[in-house]
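Novice: For reference, the structure I am asking about is given below.
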Amino acid sequence: MITVENLTKSFSGRTGAVVALDGVTLEVAAGTVCGVVGPSGSGKSTLARCVALLERPDSGAIRVDGTDLVSLGGSALRAARRQIGVVPQGDSLLRQRTAAGNVALPLESAGVPGPQRRTRVGELLDLVGLTDKAGSYPDQLSGGQRQRIAVARALAANPSVLLADEPTSALDPETTGSVLTVLDRARAELGVTVLVVTHDMGVVRRICDDVAVLDHGRVIEHGKVLDLVADAGSRTSGSLLPSVDQNPEAESKYDRVADVVLVGFAAVGALLPEAASRFGVELGLLGGGLTRLGETPVARFRVGLTGERSDSALEWISEAGAAVQRKPKGPQGVAA
């Protein structure tokens, strides 16, 4: 588990102090993947570097599995750092070493005997799907393959936490998918807690359980992805769910108009038709669409309802677990 409490960090700039982190507090449960997102300059990378103690915060606490890293020094800090694997931004492999040699580097530094080292390297190359590239040098690998080797190297010392800073930056969609699969396997098969710093909400869509949104050094939104997408006003919802185009002419034909977020196979497939049948209303889809968050289907639809029991149908849909936001009717009979 990662716990960050009231973390602050400033740097000296030409015009004075620049606040990178301003009272950041968040918690990442053990064995989950949390995405840290936000615009450039929001403090994402500084947060990751502070959690790894590559940067010392000005104040606040950083606890990994209950141990406050900020209070440690010397050998205790070095031991704690071994519990945190770091995948740095950009290409970080040593060019004079093979893929296997890069993965083995942390084990060599820790004095792990040769037989055990070779076994561990083989396990990690298998995890990232690059056993056949063990003897290849970085310049013989694609960008995505180099990044997967970097993930394997970060996992070499059996860390409990993995920090990945922009792990899919500058990669094409197919290659991005292979890197995210590796991070997800690290969580699922090794039980590692993963903190992913990214500007790409597609990363959140693919593998994240939780998300923390930073802006100007502050956490403005934090929680489970599936909970946040149900909040129509959240940034996460706006970034991850299908957009809904305005169609005043079509909306004016219905008694009630609402935006509905449906989560899960059963809800997406059956909830709206059942509501229409149960309450005897006409229900039409006015916009929106279907996406997938991890393995969970999620839909956002703008629906129009006509019939005496339209309000009851919307109440039933809400009680069944969907998020329902009614659109008030303006003076011209369109959603305000």
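Naming works like this for the structure tokens: A, B, ... for the chains as they're shown, residue 1 at the start of each chain, ligands 1 onward in shown order.
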Mind checking which residues fall within 10 Å of Gln96 (chain A), counting only C-alpha atoms, ignoring those fewer than 4 positions away in the same chain, and posting them as a PyMOL selection string?

Specialist: chain A and resi 101-102+137-139

Novice: Would you mind writing down, as a PyMOL selection string, each residue of region 76-318 of chain A that DSSP on the backbone assigns to helix (DSSP H, G or I)?

Specialist: chain A and resi 76-81+99-109+114-127+131-133+138-140+143-154+173-190+201-207+225-228+235-240+248-251+265-279+310-318

Novice: From the list A:Gly233, A:Gly122, A:Pro328, A:Gly287, which residue is nearest Gly135 (chain A) when using only C-alpha atoms?

Specialist: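 Answer, going by the shortest atom-to-atom distance: A:Gly122.
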
Novice: For Gly304 (chain A), which of A:Ala230, A:Ala276, A:Val257, A:Leu162 is the closest residue, counting only C-alpha atoms?

Specialist: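 Among A:Ala230, A:Ala276, A:Val257, A:Leu162, it is A:Val257 that comes nearest to Gly304 (chain A).
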
Novice: Of the residues A:Ala79, A:Met201, A:Leu127, A:Val229, which is the one nearest to Leu183 (chain A), using only C-alpha atoms?

Specialist: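 Closest residue, counting only C-alpha atoms: A:Leu127.
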
Novice: Using DSSP on the backbone coordinates, identify all residues within region 137-237 of chain A classified as strand (DSSP E); present the result as a list in words.

Specialist: Val161, Leu162, Leu163, Ala164, Asp165, Thr193, Val194, Leu195, Val196, Val197, Asp210, Val211, Ala212, Val213, Leu214, Asp215, Arg218, Val219, Ile220, Glu221, His222, Gly223 and Lys224 of chain A

Novice: For region 236-248 of chain A, find every residue with an atom within 10 Å (counting only C-alpha atoms), except residues of its own chain fewer than 4 positions away, and show them as a short mmCIF file (atom, residue, chain, number, x, y, z; two decimals) with C-alpha atoms, in the first residue's frame.

Specialist:
data_model
loop_
_atom_site.label_atom_id
_atom_site.label_comp_id
_atom_site.auth_asym_id
_atom_site.auth_seq_id
_atom_site.Cartn_x
_atom_site.Cartn_y
_atom_site.Cartn_z
CA VAL A 37 -2.90 12.01 -14.64
CA ASP A 200 -2.76 9.41 -21.72
CA MET A 201 -6.24 8.61 -20.41
CA GLY A 202 -6.14 5.51 -22.59
CA VAL A 204 -6.36 4.62 -17.32
CA ARG A 205 -9.02 3.07 -19.54
CA VAL A 211 -7.06 7.40 -10.74
CA ALA A 212 -5.72 10.60 -9.20
CA VAL A 213 -6.09 13.79 -11.21
CA GLU A 221 -10.02 14.16 -8.04
CA HIS A 222 -9.16 10.74 -6.63
CA GLY A 223 -10.99 7.45 -6.40
CA VAL A 225 -12.31 4.68 -11.89
CA LEU A 226 -15.71 3.00 -12.01
CA ASP A 227 -17.02 5.27 -9.24
CA LEU A 228 -15.72 8.46 -10.85
CA VAL A 229 -17.18 7.73 -14.29
CA ALA A 230 -20.62 7.58 -12.69
CA ASP A 231 -20.22 11.21 -11.62
CA ALA A 232 -21.32 13.32 -14.57
CA SER A 252 -37.78 18.17 -27.86
CA LYS A 253 -39.88 15.18 -28.97
CA ASP A 259 -27.92 11.05 -19.35
CA VAL A 261 -24.21 5.75 -17.18
CA LEU A 286 -30.30 10.18 -28.49
CA GLY A 287 -26.53 9.85 -28.31
CA GLY A 288 -23.55 8.43 -26.48
CA GLY A 289 -22.00 5.00 -26.84
CA LEU A 290 -20.20 2.06 -25.27
CA THR A 291 -16.61 1.72 -24.07
CA ARG A 292 -14.62 -0.66 -21.90
CA LEU A 293 -12.74 0.16 -18.71
CA VAL A 298 -19.44 0.94 -19.53
CA ALA A 299 -21.97 2.96 -21.51
CA ARG A 300 -23.10 6.55 -21.43
CA PHE A 301 -26.31 7.26 -23.28
CA ARG A 302 -28.57 10.26 -23.58
CA GLN A 332 -37.99 26.03 -26.09
CA GLY A 333 -38.55 22.47 -24.96
CA VAL A 334 -34.90 21.41 -25.20
CA ALA A 335 -32.45 20.34 -22.53
CA ALA A 336 -31.11 23.34 -20.67
#
